[in-house]
Amino acid sequence: MHIRKNMIQNNEGFKCKNCRRVVEPHPGGSCRNHCPHCLYSLHVDLDVPGDRANDCQGLMAPIGMENNKKKGIRILHMCKTCGFQIYNRTAPDDDWELVCCLSRVPQG
(Lines give C-alpha, C1' and ligand atoms only; values in the text may rest on other atoms or scores of the structure.)
Protein backbone atom coordinates (compact mmCIF):
# COMPACT_ATOMS: atom_id res chain seq x y z
CA MET A 1 0.00 0.00 0.00
CA HIS A 2 1.30 3.44 -0.98
CA ILE A 3 -0.24 6.67 0.37
CA ARG A 4 -0.32 9.72 -1.92
CA LYS A 5 -1.99 13.05 -1.26
CA ASN A 6 -5.77 12.45 -1.40
CA MET A 7 -5.31 8.79 -2.39
CA ILE A 8 -4.27 5.47 -0.88
CA GLN A 9 -2.82 3.39 -3.69
CA ASN A 10 -3.68 -0.32 -3.40
CA ASN A 11 -2.52 -2.33 -6.39
CA GLU A 12 -3.84 -5.69 -5.31
CA GLY A 13 -5.46 -8.56 -7.13
CA PHE A 14 -8.91 -9.84 -6.12
CA LYS A 15 -11.72 -12.21 -7.07
CA CYS A 16 -14.52 -10.30 -8.80
CA LYS A 17 -17.82 -10.39 -6.87
CA ASN A 18 -19.76 -10.12 -10.15
CA CYS A 19 -18.15 -12.54 -12.64
CA ARG A 20 -16.07 -14.52 -10.07
CA ARG A 21 -12.89 -14.30 -12.17
CA VAL A 22 -9.50 -13.75 -10.57
CA VAL A 23 -8.17 -10.27 -11.29
CA GLU A 24 -4.43 -9.62 -11.26
CA PRO A 25 -2.88 -6.36 -9.98
CA HIS A 26 -2.97 -3.41 -12.41
CA PRO A 27 -0.34 -3.96 -15.13
CA GLY A 28 0.87 -0.35 -14.98
CA GLY A 29 1.27 -0.31 -11.20
CA SER A 30 -1.71 2.00 -10.65
CA CYS A 31 -4.75 1.28 -8.46
CA ARG A 32 -7.08 -1.46 -9.58
CA ASN A 33 -10.65 -0.22 -9.08
CA HIS A 34 -12.74 -2.51 -11.30
CA CYS A 35 -12.70 -5.92 -12.95
CA PRO A 36 -11.14 -5.81 -16.45
CA HIS A 37 -13.32 -8.75 -17.55
CA CYS A 38 -16.84 -7.49 -16.70
CA LEU A 39 -16.01 -3.86 -15.71
CA TYR A 40 -17.88 -4.14 -12.37
CA SER A 41 -16.50 -2.50 -9.23
CA LEU A 42 -17.32 -2.45 -5.52
CA HIS A 43 -18.48 0.52 -3.46
CA VAL A 44 -15.65 0.23 -0.94
CA ASP A 45 -14.06 3.71 -0.68
CA LEU A 46 -15.55 6.43 1.50
CA ASP A 47 -13.61 9.68 1.86
CA VAL A 48 -10.40 9.03 -0.08
CA PRO A 49 -9.83 6.72 -3.07
CA GLY A 50 -8.27 3.54 -1.72
CA ASP A 51 -9.37 3.97 1.91
CA ARG A 52 -11.67 0.89 1.73
CA ALA A 53 -13.71 2.39 4.61
CA ASN A 54 -17.23 2.31 3.10
CA ASP A 55 -19.75 0.04 4.81
CA CYS A 56 -21.95 -0.13 1.68
CA GLN A 57 -19.82 -2.74 -0.17
CA GLY A 58 -22.43 -2.83 -2.98
CA LEU A 59 -21.72 -3.95 -6.55
CA MET A 60 -21.09 -1.02 -8.86
CA ALA A 61 -22.39 -1.61 -12.37
CA PRO A 62 -20.74 0.03 -15.40
CA ILE A 63 -23.50 2.26 -16.81
CA GLY A 64 -21.72 4.67 -19.12
CA MET A 65 -18.45 6.06 -20.38
CA GLU A 66 -16.88 9.34 -21.39
CA ASN A 67 -13.71 10.47 -23.10
CA ASN A 68 -12.35 13.16 -20.79
CA LYS A 69 -9.72 15.44 -22.36
CA LYS A 70 -7.49 15.35 -19.28
CA LYS A 71 -8.20 11.91 -17.78
CA GLY A 72 -8.85 9.80 -20.87
CA ILE A 73 -11.62 7.26 -21.25
CA ARG A 74 -13.51 6.78 -18.01
CA ILE A 75 -16.25 4.35 -16.99
CA LEU A 76 -19.26 5.61 -15.04
CA HIS A 77 -20.16 3.17 -12.26
CA MET A 78 -23.40 3.16 -10.25
CA CYS A 79 -23.82 1.31 -6.95
CA LYS A 80 -26.66 -1.20 -7.17
CA THR A 81 -27.22 -0.89 -3.41
CA CYS A 82 -27.29 2.87 -2.75
CA GLY A 83 -27.22 4.53 -6.20
CA PHE A 84 -23.89 6.36 -5.71
CA GLN A 85 -22.18 7.19 -9.03
CA ILE A 86 -18.49 7.76 -9.79
CA TYR A 87 -16.15 7.79 -12.79
CA ASN A 88 -13.12 5.49 -12.90
CA ARG A 89 -10.29 5.54 -15.41
CA THR A 90 -9.96 2.57 -17.72
CA ALA A 91 -7.02 0.17 -17.43
CA PRO A 92 -4.85 -1.18 -20.28
CA ASP A 93 -6.18 -4.72 -19.80
CA ASP A 94 -9.89 -3.79 -19.72
CA ASP A 95 -12.20 -5.61 -22.14
CA TRP A 96 -12.40 -2.81 -24.72
CA GLU A 97 -15.35 -4.39 -26.52
CA LEU A 98 -17.35 -4.00 -23.28
CA VAL A 99 -16.08 -0.44 -22.75
CA CYS A 100 -17.12 0.49 -26.30
CA CYS A 101 -20.58 -1.00 -25.74
CA LEU A 102 -21.26 1.36 -22.82
CA SER A 103 -23.48 4.31 -23.60
CA ARG A 104 -21.71 7.61 -23.91
CA VAL A 105 -22.80 9.90 -21.10
CA PRO A 106 -24.09 13.23 -22.48
CA GLN A 107 -21.76 16.12 -21.66
CA GLY A 108 -23.52 19.02 -20.00
# chains A, B, ... in the order shown; residues from 1 in each chain; ligands from 1
>>> residues_around(residues="range 67-84 of chain A", least_positions_apart="2", cutoff="9 Å", atoms="only C-alpha atoms", output="mmCIF file with N, CA and C atoms, in the first residue's frame")
data_model
loop_
_atom_site.group_PDB
_atom_site.id
_atom_site.type_symbol
_atom_site.label_atom_id
_atom_site.label_comp_id
_atom_site.auth_asym_id
_atom_site.auth_seq_id
_atom_site.Cartn_x
_atom_site.Cartn_y
_atom_site.Cartn_z
ATOM 1 N N LEU A 39 -16.026 -5.294 -15.990
ATOM 2 C CA LEU A 39 -16.009 -3.858 -15.707
ATOM 3 C C LEU A 39 -16.748 -3.463 -14.426
ATOM 4 N N TYR A 40 -17.213 -4.447 -13.638
ATOM 5 C CA TYR A 40 -17.876 -4.137 -12.372
ATOM 6 C C TYR A 40 -16.854 -3.738 -11.317
ATOM 7 N N SER A 41 -17.325 -2.968 -10.333
ATOM 8 C CA SER A 41 -16.505 -2.499 -9.235
ATOM 9 C C SER A 41 -17.256 -2.761 -7.934
ATOM 10 N N LEU A 42 -16.651 -2.371 -6.822
ATOM 11 C CA LEU A 42 -17.318 -2.450 -5.524
ATOM 12 C C LEU A 42 -17.320 -1.072 -4.880
ATOM 13 N N HIS A 43 -18.376 -0.754 -4.161
ATOM 14 C CA HIS A 43 -18.483 0.516 -3.455
ATOM 15 C C HIS A 43 -17.775 0.368 -2.103
ATOM 16 N N CYS A 56 -20.976 0.271 2.693
ATOM 17 C CA CYS A 56 -21.947 -0.133 1.676
ATOM 18 C C CYS A 56 -21.554 -1.470 1.025
ATOM 19 N N GLN A 57 -20.354 -1.530 0.459
ATOM 20 C CA GLN A 57 -19.823 -2.743 -0.174
ATOM 21 C C GLN A 57 -20.675 -3.265 -1.333
ATOM 22 N N GLY A 58 -21.546 -2.412 -1.898
ATOM 23 C CA GLY A 58 -22.428 -2.829 -2.985
ATOM 24 C C GLY A 58 -21.686 -3.001 -4.303
ATOM 25 N N LEU A 59 -22.254 -3.813 -5.188
ATOM 26 C CA LEU A 59 -21.718 -3.953 -6.548
ATOM 27 C C LEU A 59 -21.962 -2.664 -7.309
ATOM 28 N N MET A 60 -20.958 -2.225 -8.048
ATOM 29 C CA MET A 60 -21.090 -1.024 -8.860
ATOM 30 C C MET A 60 -21.079 -1.425 -10.329
ATOM 31 N N ALA A 61 -22.212 -1.213 -10.979
ATOM 32 C CA ALA A 61 -22.386 -1.607 -12.375
ATOM 33 C C ALA A 61 -21.826 -0.531 -13.306
ATOM 34 N N PRO A 62 -21.175 -0.942 -14.401
ATOM 35 C CA PRO A 62 -20.742 0.032 -15.401
ATOM 36 C C PRO A 62 -21.964 0.482 -16.198
ATOM 37 N N ILE A 63 -22.271 1.793 -16.157
ATOM 38 C CA ILE A 63 -23.501 2.263 -16.809
ATOM 39 C C ILE A 63 -23.248 3.266 -17.922
ATOM 40 N N GLY A 64 -22.021 3.688 -18.083
ATOM 41 C CA GLY A 64 -21.722 4.666 -19.120
ATOM 42 C C GLY A 64 -20.233 4.893 -19.237
ATOM 43 N N MET A 65 -19.859 5.718 -20.199
ATOM 44 C CA MET A 65 -18.451 6.058 -20.377
ATOM 45 C C MET A 65 -18.348 7.447 -20.950
ATOM 46 N N ILE A 86 -19.852 7.224 -9.724
ATOM 47 C CA ILE A 86 -18.493 7.756 -9.793
ATOM 48 C C ILE A 86 -17.834 7.295 -11.091
ATOM 49 N N TYR A 87 -16.942 8.146 -11.624
ATOM 50 C CA TYR A 87 -16.149 7.787 -12.793
ATOM 51 C C TYR A 87 -14.845 7.133 -12.358
ATOM 52 N N ASN A 88 -14.409 6.129 -13.114
ATOM 53 C CA ASN A 88 -13.119 5.486 -12.904
ATOM 54 C C ASN A 88 -12.385 5.401 -14.227
ATOM 55 N N ARG A 89 -11.101 5.648 -14.193
ATOM 56 C CA ARG A 89 -10.291 5.541 -15.411
ATOM 57 C C ARG A 89 -10.234 4.088 -15.869
ATOM 58 N N THR A 90 -10.120 3.918 -17.166
ATOM 59 C CA THR A 90 -9.959 2.570 -17.717
ATOM 60 C C THR A 90 -8.531 2.092 -17.465
ATOM 61 N N VAL A 99 -16.158 -1.892 -22.949
ATOM 62 C CA VAL A 99 -16.076 -0.441 -22.752
ATOM 63 C C VAL A 99 -16.783 0.278 -23.900
ATOM 64 N N LEU A 102 -20.603 0.489 -23.796
ATOM 65 C CA LEU A 102 -21.256 1.357 -22.819
ATOM 66 C C LEU A 102 -21.787 2.605 -23.508
ATOM 67 N N ARG A 104 -22.427 6.376 -24.209
ATOM 68 C CA ARG A 104 -21.708 7.612 -23.911
ATOM 69 C C ARG A 104 -22.611 8.495 -23.057
ATOM 70 N N VAL A 105 -22.052 9.030 -21.997
ATOM 71 C CA VAL A 105 -22.795 9.905 -21.105
ATOM 72 C C VAL A 105 -22.824 11.295 -21.720
#
>>> select_by_dssp(residues="range 3-108 of chain A", states="strand (DSSP E)", output="JSON, numbers by chain")
{"A": [3, 4, 7, 8, 9, 14, 15, 22, 23, 41, 42, 59, 60, 61, 62, 63, 64, 65, 66, 67, 68, 72, 73, 74, 75, 76, 77, 78, 79, 85, 86, 87, 88, 89]}
>>> write_last_selection(atoms="N, CA and C atoms", output="JSON list (two decimals), in the first residue's frame")
[["chain", "number", "residue", "atom", "x", "y", "z"],
["A", 3, "ILE", "N", 0.65, 5.54, 0.10],
["A", 3, "ILE", "CA", -0.24, 6.67, 0.37],
["A", 3, "ILE", "C", 0.27, 7.89, -0.37],
["A", 4, "ARG", "N", -0.59, 8.46, -1.23],
["A", 4, "ARG", "CA", -0.32, 9.72, -1.92],
["A", 4, "ARG", "C", -1.32, 10.74, -1.41],
["A", 7, "MET", "N", -5.12, 10.12, -1.80],
["A", 7, "MET", "CA", -5.31, 8.79, -2.39],
["A", 7, "MET", "C", -4.46, 7.77, -1.66],
["A", 8, "ILE", "N", -5.02, 6.60, -1.42],
["A", 8, "ILE", "CA", -4.27, 5.47, -0.88],
["A", 8, "ILE", "C", -4.18, 4.46, -2.01],
["A", 9, "GLN", "N", -2.99, 4.24, -2.51],
["A", 9, "GLN", "CA", -2.82, 3.39, -3.69],
["A", 9, "GLN", "C", -2.68, 1.93, -3.29],
["A", 14, "PHE", "N", -7.71, -9.46, -6.87],
["A", 14, "PHE", "CA", -8.91, -9.84, -6.12],
["A", 14, "PHE", "C", -9.74, -10.80, -6.96],
["A", 15, "LYS", "N", -10.74, -11.39, -6.34],
["A", 15, "LYS", "CA", -11.72, -12.21, -7.07],
["A", 15, "LYS", "C", -12.96, -11.34, -7.24],
["A", 22, "VAL", "N", -10.64, -14.29, -11.31],
["A", 22, "VAL", "CA", -9.50, -13.75, -10.57],
["A", 22, "VAL", "C", -8.92, -12.58, -11.36],
["A", 23, "VAL", "N", -8.69, -11.48, -10.68],
["A", 23, "VAL", "CA", -8.17, -10.27, -11.29],
["A", 23, "VAL", "C", -6.77, -10.01, -10.75],
["A", 41, "SER", "N", -17.33, -2.97, -10.33],
["A", 41, "SER", "CA", -16.50, -2.50, -9.23],
["A", 41, "SER", "C", -17.26, -2.76, -7.93],
["A", 42, "LEU", "N", -16.65, -2.37, -6.82],
["A", 42, "LEU", "CA", -17.32, -2.45, -5.52],
["A", 42, "LEU", "C", -17.32, -1.07, -4.88],
["A", 59, "LEU", "N", -22.25, -3.81, -5.19],
["A", 59, "LEU", "CA", -21.72, -3.95, -6.55],
["A", 59, "LEU", "C", -21.96, -2.66, -7.31],
["A", 60, "MET", "N", -20.96, -2.22, -8.05],
["A", 60, "MET", "CA", -21.09, -1.02, -8.86],
["A", 60, "MET", "C", -21.08, -1.42, -10.33],
["A", 61, "ALA", "N", -22.21, -1.21, -10.98],
["A", 61, "ALA", "CA", -22.39, -1.61, -12.37],
["A", 61, "ALA", "C", -21.83, -0.53, -13.31],
["A", 62, "PRO", "N", -21.17, -0.94, -14.40],
["A", 62, "PRO", "CA", -20.74, 0.03, -15.40],
["A", 62, "PRO", "C", -21.96, 0.48, -16.20],
["A", 63, "ILE", "N", -22.27, 1.79, -16.16],
["A", 63, "ILE", "CA", -23.50, 2.26, -16.81],
["A", 63, "ILE", "C", -23.25, 3.27, -17.92],
["A", 64, "GLY", "N", -22.02, 3.69, -18.08],
["A", 64, "GLY", "CA", -21.72, 4.67, -19.12],
["A", 64, "GLY", "C", -20.23, 4.89, -19.24],
["A", 65, "MET", "N", -19.86, 5.72, -20.20],
["A", 65, "MET", "CA", -18.45, 6.06, -20.38],
["A", 65, "MET", "C", -18.35, 7.45, -20.95],
["A", 66, "GLU", "N", -17.16, 8.04, -20.79],
["A", 66, "GLU", "CA", -16.88, 9.34, -21.39],
["A", 66, "GLU", "C", -15.41, 9.38, -21.78],
["A", 67, "ASN", "N", -15.09, 10.22, -22.74],
["A", 67, "ASN", "CA", -13.71, 10.47, -23.10],
["A", 67, "ASN", "C", -13.37, 11.86, -22.59],
["A", 68, "ASN", "N", -12.71, 11.91, -21.44],
["A", 68, "ASN", "CA", -12.35, 13.16, -20.79],
["A", 68, "ASN", "C", -11.01, 13.64, -21.35],
["A", 72, "GLY", "N", -8.68, 10.92, -19.94],
["A", 72, "GLY", "CA", -8.85, 9.80, -20.87],
["A", 72, "GLY", "C", -10.23, 9.18, -20.78],
["A", 73, "ILE", "N", -10.34, 7.97, -21.26],
["A", 73, "ILE", "CA", -11.62, 7.26, -21.25],
["A", 73, "ILE", "C", -11.91, 6.79, -19.83],
["A", 74, "ARG", "N", -13.11, 7.15, -19.36],
["A", 74, "ARG", "CA", -13.51, 6.78, -18.01],
["A", 74, "ARG", "C", -14.86, 6.07, -18.04],
["A", 75, "ILE", "N", -15.01, 5.13, -17.12],
["A", 75, "ILE", "CA", -16.25, 4.35, -16.99],
["A", 75, "ILE", "C", -17.07, 4.94, -15.85],
["A", 76, "LEU", "N", -18.36, 5.16, -16.09],
["A", 76, "LEU", "CA", -19.26, 5.61, -15.04],
["A", 76, "LEU", "C", -19.85, 4.38, -14.36],
["A", 77, "HIS", "N", -19.62, 4.27, -13.05],
["A", 77, "HIS", "CA", -20.16, 3.17, -12.26],
["A", 77, "HIS", "C", -21.27, 3.68, -11.36],
["A", 78, "MET", "N", -22.31, 2.84, -11.16],
["A", 78, "MET", "CA", -23.40, 3.16, -10.25],
["A", 78, "MET", "C", -23.59, 2.00, -9.28],
["A", 79, "CYS", "N", -23.63, 2.33, -7.98],
["A", 79, "CYS", "CA", -23.82, 1.31, -6.95],
["A", 79, "CYS", "C", -25.24, 0.77, -7.02],
["A", 85, "GLN", "N", -22.82, 7.26, -7.72],
["A", 85, "GLN", "CA", -22.18, 7.19, -9.03],
["A", 85, "GLN", "C", -20.80, 7.83, -8.98],
["A", 86, "ILE", "N", -19.85, 7.22, -9.72],
["A", 86, "ILE", "CA", -18.49, 7.76, -9.79],
["A", 86, "ILE", "C", -17.83, 7.29, -11.09],
["A", 87, "TYR", "N", -16.94, 8.15, -11.62],
["A", 87, "TYR", "CA", -16.15, 7.79, -12.79],
["A", 87, "TYR", "C", -14.85, 7.13, -12.36],
["A", 88, "ASN", "N", -14.41, 6.13, -13.11],
["A", 88, "ASN", "CA", -13.12, 5.49, -12.90],
["A", 88, "ASN", "C", -12.39, 5.40, -14.23],
["A", 89, "ARG", "N", -11.10, 5.65, -14.19],
["A", 89, "ARG", "CA", -10.29, 5.54, -15.41],
["A", 89, "ARG", "C", -10.23, 4.09, -15.87]]
>>> atom_distance(atom1="CA of Asn10 in chain A", atom2="CA of Gly50 in chain A")
6.2 Å
>>> atom_distance(atom1="CA of His37 in chain A", atom2="CA of Gly13 in chain A")
13.1 Å
>>> closest_residue(among="A:Leu98, A:Asp93, A:His34, A:Pro49", to="Lys17 in chain A", atoms="only C-alpha atoms")
A:His34
>>> select_by_dssp(residues="chain A", states="helix (DSSP H, G or I)", output="PyMOL selection string")
chain A and resi 96-101
>>> atom_distance(atom1="CA of Glu24 in chain A", atom2="CA of Asp55 in chain A")
24.2 Å
>>> closest_residue(among="A:Glu12, A:Ala53, A:Arg21, A:Asp95", to="Pro36 in chain A", atoms="only C-alpha atoms")
A:Asp95
>>> closest_residue(among="A:Pro92, A:Cys100, A:Leu46, A:Cys38", to="His26 in chain A", atoms="only C-alpha atoms")
A:Pro92
